[in-house]
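Structure record follows, encoded as structure tokens.
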Amino acid sequence: MRVGGSDPIREAARLLVDRRNAVALTGAGISVESGIPSFRGAQGMWGKYDPMEYATLHAFMKSPRKVWEMLSEMVSVCGGAAPNAAHKGLAALEEMGVVRAVITQNVDGLHQAAGSRRVIEYHGNMEELLCVYCWKRYTTRERWAPGAVPLCDCGEVLKPNVVLFGDPIPWLAQEQAEEEARSCGTLVVIGTSAQVSPACDIPRIAKESGAAVVEINPEETSLSRNVTDIHLQGSASEVLRLLMEELSRGG
Ligand SMILES: [Zn+2]
């Protein structure tokens, strides 16, 4: 079903309309245009903070104050970011009844800020803090201030409700994501090569269950060669804009 000479945007729009029940799987690439750097690569968070020292559950339990040097930067970056045209495009597609859910690996909350209603957060989000000793929860806004380490009423250091290396994926999010993958008509993968487990299972599950896979990534990925039916090469916002235009013309 790989598209050769024809217009891939038109083909993708037709798939979305014909098959219905599209689900999006998003990753860091969709938030880059909102100023949130990807974790990987020299400019990413992991170029500055060694993830083994700053992003594992073990590191947090051992020295939470040190790990908060990195977390504070994440809270600041996420808190100051606004949804871009790609987030808004996905929310509009949900409003139009084309997309029914977004599964995201991002923790920035930008899909909800753009207006998406059904968002499955694989890796949690930065908007909530929890105590791993007494399990009390707080909003980040009520407990965190720049330069300070947020504390629970019980005196322990709070952890953001995000998945660190060594943390399990929230089981409900995983169940819901796999159910969406099994029952969607089209899976639209945006801004991720979906290589990290268990997000990497989603395109495979969708494909094996009979869904078409549309990929929106600037570069070719391992998905493009293995599971993608139509690869729309370009930035997430530009490709979604073209796709919306095509859909509003009637697919
Ligand atoms: Zn506590």
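Residue numbering restarts at 1 in every chain; chains get A, B, ... in the order shown in the structure tokens, and ligands count up from 1 in that same order.
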Sorted per-residue table, chain A near ligand 1, closest atoms and distance, 10 Å, only C-alpha atoms and all ligand atoms, as JSON lines:
```
{"residue": "A:Leu130", "atom": "CA", "partner": "ligand 1", "partner_atom_place_in_ligand_line": "1 (Zn)", "distance": 7.7}
{"residue": "A:Cys131", "atom": "CA", "partner": "ligand 1", "partner_atom_place_in_ligand_line": "1 (Zn)", "distance": 4.6}
{"residue": "A:Val132", "atom": "CA", "partner": "ligand 1", "partner_atom_place_in_ligand_line": "1 (Zn)", "distance": 6.8}
{"residue": "A:Tyr133", "atom": "CA", "partner": "ligand 1", "partner_atom_place_in_ligand_line": "1 (Zn)", "distance": 5.2}
{"residue": "A:Cys134", "atom": "CA", "partner": "ligand 1", "partner_atom_place_in_ligand_line": "1 (Zn)", "distance": 4.2}
{"residue": "A:Trp135", "atom": "CA", "partner": "ligand 1", "partner_atom_place_in_ligand_line": "1 (Zn)", "distance": 6.1}
{"residue": "A:Lys136", "atom": "CA", "partner": "ligand 1", "partner_atom_place_in_ligand_line": "1 (Zn)", "distance": 5.6}
{"residue": "A:Arg137", "atom": "CA", "partner": "ligand 1", "partner_atom_place_in_ligand_line": "1 (Zn)", "distance": 8.4}
{"residue": "A:Leu151", "atom": "CA", "partner": "ligand 1", "partner_atom_place_in_ligand_line": "1 (Zn)", "distance": 7.9}
{"residue": "A:Cys152", "atom": "CA", "partner": "ligand 1", "partner_atom_place_in_ligand_line": "1 (Zn)", "distance": 4.6}
{"residue": "A:Asp153", "atom": "CA", "partner": "ligand 1", "partner_atom_place_in_ligand_line": "1 (Zn)", "distance": 5.8}
{"residue": "A:Cys154", "atom": "CA", "partner": "ligand 1", "partner_atom_place_in_ligand_line": "1 (Zn)", "distance": 4.3}
{"residue": "A:Gly155", "atom": "CA", "partner": "ligand 1", "partner_atom_place_in_ligand_line": "1 (Zn)", "distance": 6.4}
{"residue": "A:Glu156", "atom": "CA", "partner": "ligand 1", "partner_atom_place_in_ligand_line": "1 (Zn)", "distance": 5.6}
{"residue": "A:Val157", "atom": "CA", "partner": "ligand 1", "partner_atom_place_in_ligand_line": "1 (Zn)", "distance": 7.8}
{"residue": "A:Leu158", "atom": "CA", "partner": "ligand 1", "partner_atom_place_in_ligand_line": "1 (Zn)", "distance": 7.4}
```
(request) Name all residues at most 10 Å from Gly210 of chain A (count only C-alpha atoms; drop same-chain ones fewer than 5 positions away) and give them as a ChimeraX atom specification. (result) /A:181-186,205
(request) May I ask which of the residues A:Asp18, A:Glu175, A:Glu220, A:Glu215 is the closest one to Asp201 of chain A, counting only C-alpha atoms? (result) A:Glu175
(request) Fewer than 4 positions away in the same chain doesn't count, so skip those; otherwise give me all residues within 12 Å of segment 108-118 of chain A, counting only C-alpha atoms, as a PyMOL selection string. (result) chain A and resi 23-28+30-38+74-97+99-104+122-128+160-162+173+176-177+180
Among segment 151-225 of chain A, which residues does DSSP mark as helix (DSSP H, G or I) when it is run on the backbone? Keep the chain and numbering as in the structure and answer as a PDB file with all heavy atoms, in the first residue's frame.
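And here's selection05.pdb as it stands now:
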```
ATOM      1  N   TRP A 171      -0.146   1.178  34.507  1.00  0.00           N
ATOM      2  CA  TRP A 171      -0.816   0.044  33.854  1.00  0.00           C
ATOM      3  C   TRP A 171      -2.072   0.451  33.115  1.00  0.00           C
ATOM      4  O   TRP A 171      -2.381  -0.083  32.054  1.00  0.00           O
ATOM      5  CB  TRP A 171      -1.093  -1.086  34.852  1.00  0.00           C
ATOM      6  CG  TRP A 171      -2.153  -0.764  35.866  1.00  0.00           C
ATOM      7  CD1 TRP A 171      -1.950  -0.216  37.100  1.00  0.00           C
ATOM      8  CD2 TRP A 171      -3.571  -0.939  35.727  1.00  0.00           C
ATOM      9  NE1 TRP A 171      -3.149  -0.028  37.727  1.00  0.00           N
ATOM     10  CE2 TRP A 171      -4.163  -0.464  36.918  1.00  0.00           C
ATOM     11  CE3 TRP A 171      -4.395  -1.442  34.719  1.00  0.00           C
ATOM     12  CZ2 TRP A 171      -5.538  -0.479  37.129  1.00  0.00           C
ATOM     13  CZ3 TRP A 171      -5.772  -1.445  34.930  1.00  0.00           C
ATOM     14  CH2 TRP A 171      -6.325  -0.981  36.113  1.00  0.00           C
ATOM     15  N   LEU A 172      -2.802   1.440  33.666  1.00  0.00           N
ATOM     16  CA  LEU A 172      -4.046   1.845  33.015  1.00  0.00           C
ATOM     17  C   LEU A 172      -3.747   2.459  31.643  1.00  0.00           C
ATOM     18  O   LEU A 172      -4.410   2.145  30.657  1.00  0.00           O
ATOM     19  CB  LEU A 172      -4.814   2.826  33.906  1.00  0.00           C
ATOM     20  CG  LEU A 172      -6.187   3.234  33.378  1.00  0.00           C
ATOM     21  CD1 LEU A 172      -7.100   2.021  33.210  1.00  0.00           C
ATOM     22  CD2 LEU A 172      -6.850   4.260  34.298  1.00  0.00           C
ATOM     23  N   ALA A 173      -2.714   3.306  31.593  1.00  0.00           N
ATOM     24  CA  ALA A 173      -2.333   3.930  30.326  1.00  0.00           C
ATOM     25  C   ALA A 173      -1.922   2.861  29.317  1.00  0.00           C
ATOM     26  O   ALA A 173      -2.281   2.921  28.142  1.00  0.00           O
ATOM     27  CB  ALA A 173      -1.188   4.914  30.549  1.00  0.00           C
ATOM     28  N   GLN A 174      -1.203   1.875  29.776  1.00  0.00           N
ATOM     29  CA  GLN A 174      -0.745   0.817  28.876  1.00  0.00           C
ATOM     30  C   GLN A 174      -1.920  -0.007  28.339  1.00  0.00           C
ATOM     31  O   GLN A 174      -2.011  -0.284  27.144  1.00  0.00           O
ATOM     32  CB  GLN A 174       0.242  -0.090  29.606  1.00  0.00           C
ATOM     33  CG  GLN A 174       0.838  -1.115  28.667  1.00  0.00           C
ATOM     34  CD  GLN A 174       2.130  -1.710  29.196  1.00  0.00           C
ATOM     35  OE1 GLN A 174       2.593  -1.344  30.272  1.00  0.00           O
ATOM     36  NE2 GLN A 174       2.710  -2.618  28.443  1.00  0.00           N
ATOM     37  N   GLU A 175      -2.849  -0.364  29.240  1.00  0.00           N
ATOM     38  CA  GLU A 175      -4.047  -1.110  28.828  1.00  0.00           C
ATOM     39  C   GLU A 175      -4.835  -0.317  27.786  1.00  0.00           C
ATOM     40  O   GLU A 175      -5.246  -0.840  26.755  1.00  0.00           O
ATOM     41  CB  GLU A 175      -4.974  -1.318  30.037  1.00  0.00           C
ATOM     42  CG  GLU A 175      -4.493  -2.334  31.031  1.00  0.00           C
ATOM     43  CD  GLU A 175      -4.717  -3.744  30.521  1.00  0.00           C
ATOM     44  OE1 GLU A 175      -5.857  -4.032  30.116  1.00  0.00           O
ATOM     45  OE2 GLU A 175      -3.751  -4.519  30.517  1.00  0.00           O
ATOM     46  N   GLN A 176      -5.057   0.969  28.110  1.00  0.00           N
ATOM     47  CA  GLN A 176      -5.873   1.807  27.218  1.00  0.00           C
ATOM     48  C   GLN A 176      -5.190   1.995  25.871  1.00  0.00           C
ATOM     49  O   GLN A 176      -5.835   1.937  24.826  1.00  0.00           O
ATOM     50  CB  GLN A 176      -6.124   3.173  27.865  1.00  0.00           C
ATOM     51  CG  GLN A 176      -7.086   3.085  29.042  1.00  0.00           C
ATOM     52  CD  GLN A 176      -7.248   4.427  29.751  1.00  0.00           C
ATOM     53  OE1 GLN A 176      -6.378   5.297  29.656  1.00  0.00           O
ATOM     54  NE2 GLN A 176      -8.351   4.584  30.459  1.00  0.00           N
ATOM     55  N   ALA A 177      -3.873   2.198  25.889  1.00  0.00           N
ATOM     56  CA  ALA A 177      -3.133   2.413  24.643  1.00  0.00           C
ATOM     57  C   ALA A 177      -3.205   1.169  23.761  1.00  0.00           C
ATOM     58  O   ALA A 177      -3.432   1.258  22.553  1.00  0.00           O
ATOM     59  CB  ALA A 177      -1.681   2.768  24.951  1.00  0.00           C
ATOM     60  N   GLU A 178      -3.046   0.007  24.366  1.00  0.00           N
ATOM     61  CA  GLU A 178      -3.084  -1.231  23.573  1.00  0.00           C
ATOM     62  C   GLU A 178      -4.482  -1.484  23.023  1.00  0.00           C
ATOM     63  O   GLU A 178      -4.637  -1.954  21.899  1.00  0.00           O
ATOM     64  CB  GLU A 178      -2.566  -2.414  24.401  1.00  0.00           C
ATOM     65  CG  GLU A 178      -1.065  -2.288  24.604  1.00  0.00           C
ATOM     66  CD  GLU A 178      -0.445  -3.436  25.385  1.00  0.00           C
ATOM     67  OE1 GLU A 178      -1.166  -4.408  25.699  1.00  0.00           O
ATOM     68  OE2 GLU A 178       0.758  -3.341  25.679  1.00  0.00           O
ATOM     69  N   GLU A 179      -5.500  -1.151  23.809  1.00  0.00           N
ATOM     70  CA  GLU A 179      -6.877  -1.310  23.339  1.00  0.00           C
ATOM     71  C   GLU A 179      -7.141  -0.374  22.150  1.00  0.00           C
ATOM     72  O   GLU A 179      -7.749  -0.764  21.156  1.00  0.00           O
ATOM     73  CB  GLU A 179      -7.858  -1.043  24.492  1.00  0.00           C
ATOM     74  CG  GLU A 179      -9.323  -1.164  24.138  1.00  0.00           C
ATOM     75  CD  GLU A 179      -9.688  -2.465  23.427  1.00  0.00           C
ATOM     76  OE1 GLU A 179      -9.080  -3.504  23.751  1.00  0.00           O
ATOM     77  OE2 GLU A 179     -10.578  -2.445  22.537  1.00  0.00           O
ATOM     78  N   GLU A 180      -6.653   0.869  22.257  1.00  0.00           N
ATOM     79  CA  GLU A 180      -6.811   1.814  21.141  1.00  0.00           C
ATOM     80  C   GLU A 180      -6.109   1.285  19.892  1.00  0.00           C
ATOM     81  O   GLU A 180      -6.622   1.389  18.784  1.00  0.00           O
ATOM     82  CB  GLU A 180      -6.253   3.196  21.509  1.00  0.00           C
ATOM     83  CG  GLU A 180      -7.009   3.945  22.605  1.00  0.00           C
ATOM     84  CD  GLU A 180      -8.401   4.402  22.164  1.00  0.00           C
ATOM     85  OE1 GLU A 180      -8.744   4.301  20.986  1.00  0.00           O
ATOM     86  OE2 GLU A 180      -9.162   4.850  23.056  1.00  0.00           O
ATOM     87  N   ALA A 181      -4.906   0.731  20.090  1.00  0.00           N
ATOM     88  CA  ALA A 181      -4.130   0.222  18.953  1.00  0.00           C
ATOM     89  C   ALA A 181      -4.844  -0.960  18.289  1.00  0.00           C
ATOM     90  O   ALA A 181      -4.861  -1.081  17.067  1.00  0.00           O
ATOM     91  CB  ALA A 181      -2.733  -0.198  19.415  1.00  0.00           C
ATOM     92  N   ARG A 182      -5.451  -1.813  19.104  1.00  0.00           N
ATOM     93  CA  ARG A 182      -6.136  -2.991  18.554  1.00  0.00           C
ATOM     94  C   ARG A 182      -7.385  -2.629  17.773  1.00  0.00           C
ATOM     95  O   ARG A 182      -7.774  -3.333  16.866  1.00  0.00           O
ATOM     96  CB  ARG A 182      -6.542  -3.945  19.696  1.00  0.00           C
ATOM     97  CG  ARG A 182      -5.483  -4.992  20.022  1.00  0.00           C
ATOM     98  CD  ARG A 182      -6.040  -6.064  20.940  1.00  0.00           C
ATOM     99  NE  ARG A 182      -6.416  -5.531  22.241  1.00  0.00           N
ATOM    100  CZ  ARG A 182      -5.570  -5.410  23.254  1.00  0.00           C
ATOM    101  NH1 ARG A 182      -4.312  -5.801  23.126  1.00  0.00           N
ATOM    102  NH2 ARG A 182      -5.968  -4.918  24.404  1.00  0.00           N
ATOM    103  N   SER A 183      -8.024  -1.510  18.131  1.00  0.00           N
ATOM    104  CA  SER A 183      -9.344  -1.239  17.554  1.00  0.00           C
ATOM    105  C   SER A 183      -9.384  -0.020  16.633  1.00  0.00           C
ATOM    106  O   SER A 183     -10.446   0.333  16.135  1.00  0.00           O
ATOM    107  CB  SER A 183     -10.363  -1.066  18.687  1.00  0.00           C
ATOM    108  OG  SER A 183      -9.977   0.004  19.523  1.00  0.00           O
ATOM    109  N   ASP A 201       5.508  -1.107  20.845  1.00  0.00           N
ATOM    110  CA  ASP A 201       4.530  -2.153  20.538  1.00  0.00           C
ATOM    111  C   ASP A 201       3.298  -1.610  19.830  1.00  0.00           C
ATOM    112  O   ASP A 201       2.600  -2.356  19.141  1.00  0.00           O
ATOM    113  CB  ASP A 201       4.061  -2.854  21.825  1.00  0.00           C
ATOM    114  CG  ASP A 201       5.179  -3.618  22.510  1.00  0.00           C
ATOM    115  OD1 ASP A 201       6.112  -4.046  21.796  1.00  0.00           O
ATOM    116  OD2 ASP A 201       5.129  -3.774  23.735  1.00  0.00           O
ATOM    117  N   ILE A 202       3.004  -0.324  20.024  1.00  0.00           N
ATOM    118  CA  ILE A 202       1.731   0.227  19.542  1.00  0.00           C
ATOM    119  C   ILE A 202       1.578   0.132  18.008  1.00  0.00           C
ATOM    120  O   ILE A 202       0.557  -0.368  17.531  1.00  0.00           O
ATOM    121  CB  ILE A 202       1.545   1.680  20.055  1.00  0.00           C
ATOM    122  CG1 ILE A 202       1.454   1.670  21.599  1.00  0.00           C
ATOM    123  CG2 ILE A 202       0.323   2.354  19.468  1.00  0.00           C
ATOM    124  CD1 ILE A 202       0.289   0.863  22.157  1.00  0.00           C
ATOM    125  N   PRO A 203       2.578   0.595  17.224  1.00  0.00           N
ATOM    126  CA  PRO A 203       2.404   0.469  15.768  1.00  0.00           C
ATOM    127  C   PRO A 203       2.268  -0.992  15.317  1.00  0.00           C
ATOM    128  O   PRO A 203       1.464  -1.301  14.446  1.00  0.00           O
ATOM    129  CB  PRO A 203       3.694   1.091  15.202  1.00  0.00           C
ATOM    130  CG  PRO A 203       4.196   1.979  16.283  1.00  0.00           C
ATOM    131  CD  PRO A 203       3.813   1.320  17.564  1.00  0.00           C
ATOM    132  N   ARG A 204       3.007  -1.871  15.960  1.00  0.00           N
ATOM    133  CA  ARG A 204       2.947  -3.286  15.583  1.00  0.00           C
ATOM    134  C   ARG A 204       1.561  -3.867  15.895  1.00  0.00           C
ATOM    135  O   ARG A 204       0.963  -4.560  15.072  1.00  0.00           O
ATOM    136  CB  ARG A 204       4.035  -4.066  16.334  1.00  0.00           C
ATOM    137  CG  ARG A 204       4.130  -5.524  15.965  1.00  0.00           C
ATOM    138  CD  ARG A 204       5.160  -6.261  16.836  1.00  0.00           C
ATOM    139  NE  ARG A 204       4.972  -6.055  18.280  1.00  0.00           N
ATOM    140  CZ  ARG A 204       4.010  -6.645  18.999  1.00  0.00           C
ATOM    141  NH1 ARG A 204       3.153  -7.464  18.423  1.00  0.00           N
ATOM    142  NH2 ARG A 204       3.910  -6.404  20.297  1.00  0.00           N
ATOM    143  N   ILE A 205       1.038  -3.561  17.098  1.00  0.00           N
ATOM    144  CA  ILE A 205      -0.291  -4.070  17.477  1.00  0.00           C
ATOM    145  C   ILE A 205      -1.358  -3.535  16.511  1.00  0.00           C
ATOM    146  O   ILE A 205      -2.215  -4.280  16.042  1.00  0.00           O
ATOM    147  CB  ILE A 205      -0.641  -3.667  18.936  1.00  0.00           C
ATOM    148  CG1 ILE A 205       0.263  -4.401  19.922  1.00  0.00           C
ATOM    149  CG2 ILE A 205      -2.115  -3.962  19.246  1.00  0.00           C
ATOM    150  CD1 ILE A 205       0.154  -3.920  21.373  1.00  0.00           C
ATOM    151  N   ALA A 206      -1.264  -2.243  16.196  1.00  0.00           N
ATOM    152  CA  ALA A 206      -2.246  -1.642  15.281  1.00  0.00           C
ATOM    153  C   ALA A 206      -2.195  -2.338  13.925  1.00  0.00           C
ATOM    154  O   ALA A 206      -3.211  -2.733  13.363  1.00  0.00           O
ATOM    155  CB  ALA A 206      -1.971  -0.144  15.138  1.00  0.00           C
ATOM    156  N   LYS A 207      -0.978  -2.499  13.435  1.00  0.00           N
ATOM    157  CA  LYS A 207      -0.784  -3.115  12.114  1.00  0.00           C
ATOM    158  C   LYS A 207      -1.323  -4.542  12.084  1.00  0.00           C
ATOM    159  O   LYS A 207      -2.061  -4.934  11.181  1.00  0.00           O
ATOM    160  CB  LYS A 207       0.717  -3.114  11.811  1.00  0.00           C
ATOM    161  CG  LYS A 207       1.066  -3.562  10.424  1.00  0.00           C
ATOM    162  CD  LYS A 207       0.875  -2.416   9.478  1.00  0.00           C
ATOM    163  CE  LYS A 207       1.250  -2.828   8.062  1.00  0.00           C
ATOM    164  NZ  LYS A 207       0.998  -1.741   7.135  1.00  0.00           N
ATOM    165  N   GLU A 208      -0.975  -5.305  13.104  1.00  0.00           N
ATOM    166  CA  GLU A 208      -1.419  -6.707  13.156  1.00  0.00           C
ATOM    167  C   GLU A 208      -2.931  -6.823  13.312  1.00  0.00           C
ATOM    168  O   GLU A 208      -3.512  -7.844  12.981  1.00  0.00           O
ATOM    169  CB  GLU A 208      -0.719  -7.439  14.311  1.00  0.00           C
ATOM    170  CG  GLU A 208       0.717  -7.776  13.987  1.00  0.00           C
ATOM    171  CD  GLU A 208       1.483  -8.359  15.180  1.00  0.00           C
ATOM    172  OE1 GLU A 208       0.863  -8.610  16.239  1.00  0.00           O
ATOM    173  OE2 GLU A 208       2.703  -8.541  15.033  1.00  0.00           O
ATOM    174  N   SER A 222      12.890   3.561  11.505  1.00  0.00           N
ATOM    175  CA  SER A 222      12.755   2.113  11.343  1.00  0.00           C
ATOM    176  C   SER A 222      11.295   1.736  11.082  1.00  0.00           C
ATOM    177  O   SER A 222      11.005   0.732  10.457  1.00  0.00           O
ATOM    178  CB  SER A 222      13.289   1.382  12.578  1.00  0.00           C
ATOM    179  OG  SER A 222      12.611   1.833  13.719  1.00  0.00           O
ATOM    180  N   LEU A 223      10.364   2.591  11.536  1.00  0.00           N
ATOM    181  CA  LEU A 223       8.942   2.331  11.249  1.00  0.00           C
ATOM    182  C   LEU A 223       8.672   2.454   9.753  1.00  0.00           C
ATOM    183  O   LEU A 223       7.928   1.657   9.190  1.00  0.00           O
ATOM    184  CB  LEU A 223       8.049   3.368  11.955  1.00  0.00           C
ATOM    185  CG  LEU A 223       7.881   3.313  13.461  1.00  0.00           C
ATOM    186  CD1 LEU A 223       7.003   4.473  13.894  1.00  0.00           C
ATOM    187  CD2 LEU A 223       7.271   1.988  13.881  1.00  0.00           C
ATOM    188  N   SER A 224       9.279   3.487   9.135  1.00  0.00           N
ATOM    189  CA  SER A 224       9.011   3.752   7.717  1.00  0.00           C
ATOM    190  C   SER A 224       9.270   2.506   6.876  1.00  0.00           C
ATOM    191  O   SER A 224       8.561   2.234   5.920  1.00  0.00           O
ATOM    192  CB  SER A 224       9.894   4.884   7.187  1.00  0.00           C
ATOM    193  OG  SER A 224      10.177   5.839   8.179  1.00  0.00           O
ATOM    194  N   ARG A 225      10.294   1.786   7.247  1.00  0.00           N
ATOM    195  CA  ARG A 225      10.671   0.618   6.447  1.00  0.00           C
ATOM    196  C   ARG A 225       9.842  -0.606   6.795  1.00  0.00           C
ATOM    197  O   ARG A 225       9.683  -1.490   5.972  1.00  0.00           O
ATOM    198  CB  ARG A 225      12.158   0.308   6.638  1.00  0.00           C
ATOM    199  CG  ARG A 225      13.071   1.358   6.031  1.00  0.00           C
ATOM    200  CD  ARG A 225      14.524   0.963   6.152  1.00  0.00           C
ATOM    201  NE  ARG A 225      14.990   0.977   7.539  1.00  0.00           N
ATOM    202  CZ  ARG A 225      15.366   2.103   8.178  1.00  0.00           C
ATOM    203  NH1 ARG A 225      15.337   3.262   7.554  1.00  0.00           N
ATOM    204  NH2 ARG A 225      15.776   2.046   9.428  1.00  0.00           N
TER     205      ARG A 225
END
```
(message) I'd like the contact shell of segment 9-16 of chain A - 7 Å cut-off, only C-alpha atoms, skipping same-chain residues fewer than 3 positions apart - returned as number ranges by chain.
(response) A: 19-20, 22, 98, 186, 214, 230, 232, 243, 246-247, 251
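Take atom CA of Arg141 of chain A and atom CA of Glu121 of chain A: the distance between them is 19.2 Å.
Coordinates place atom CA of Phe39 of chain A at a distance of 11.6 Å from atom CA of Val107 of chain A.
You can rank A:Ala211, A:Met52, A:Val17, A:Val196 by their closest distance to Ile169 of chain A using only C-alpha atoms, and at the top of that list sits A:Val196.
Across A:Leu129, A:Ala212, A:Val119, A:Ile190, the tightest approach to Val239 of chain A is made by A:Ile190 when counting only C-alpha atoms.
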Using DSSP secondary structure from the backbone, list all strand (DSSP E or B) positions within segment 81-155 of chain A, as a compact mmCIF listing (two decimals) with C-alpha atoms, in the first residue's frame.
```
# COMPACT_ATOMS: atom_id res chain seq x y z
CA VAL A 99 -9.23 11.28 15.57
CA ARG A 100 -10.68 9.63 18.64
CA ALA A 101 -7.66 9.49 20.97
CA VAL A 102 -4.05 10.61 21.39
CA ILE A 103 -1.48 8.32 22.98
CA THR A 104 1.53 10.40 23.94
CA VAL A 119 -5.21 11.81 25.93
CA ILE A 120 -3.44 8.70 27.17
CA GLU A 121 -0.18 9.67 28.84
CA GLY A 124 2.76 10.54 33.11
CA ASN A 125 2.96 14.33 33.27
CA MET A 126 4.81 17.13 35.02
CA GLU A 127 1.66 18.73 36.40
CA GLU A 128 1.32 16.45 39.38
CA LEU A 129 3.69 15.59 42.23
CA LEU A 130 3.42 12.54 44.43
CA ARG A 137 -0.59 13.88 45.62
CA TYR A 138 -0.27 17.60 44.88
CA THR A 139 -0.37 19.79 41.80
CA LEU A 151 8.29 18.65 49.90
```
(message) I'd like the contact shell of Trp68 of chain A - 12 Å cut-off, only C-alpha atoms, skipping same-chain residues fewer than 4 positions apart - returned as a list in words.
(response) Tyr49, Glu53, Tyr54, Ala55, Thr56, Ala59, Phe60, Met61, Lys62, Ser63, Pro64, Ser72, Glu73, Met74, Val75, Ser76, Trp144, Ala145, Pro146, Gly147, Ala148, Val149, Pro150, Leu151, Val157, Leu158, Lys159 and Pro160 of chain A
(request) Compare A:Val163, A:Ser235, A:Gln195, A:Leu71 by their minimum atom-to-atom distance to Thr140 of chain A, counting only C-alpha atoms, and give me the closest one. (result) A:Leu71
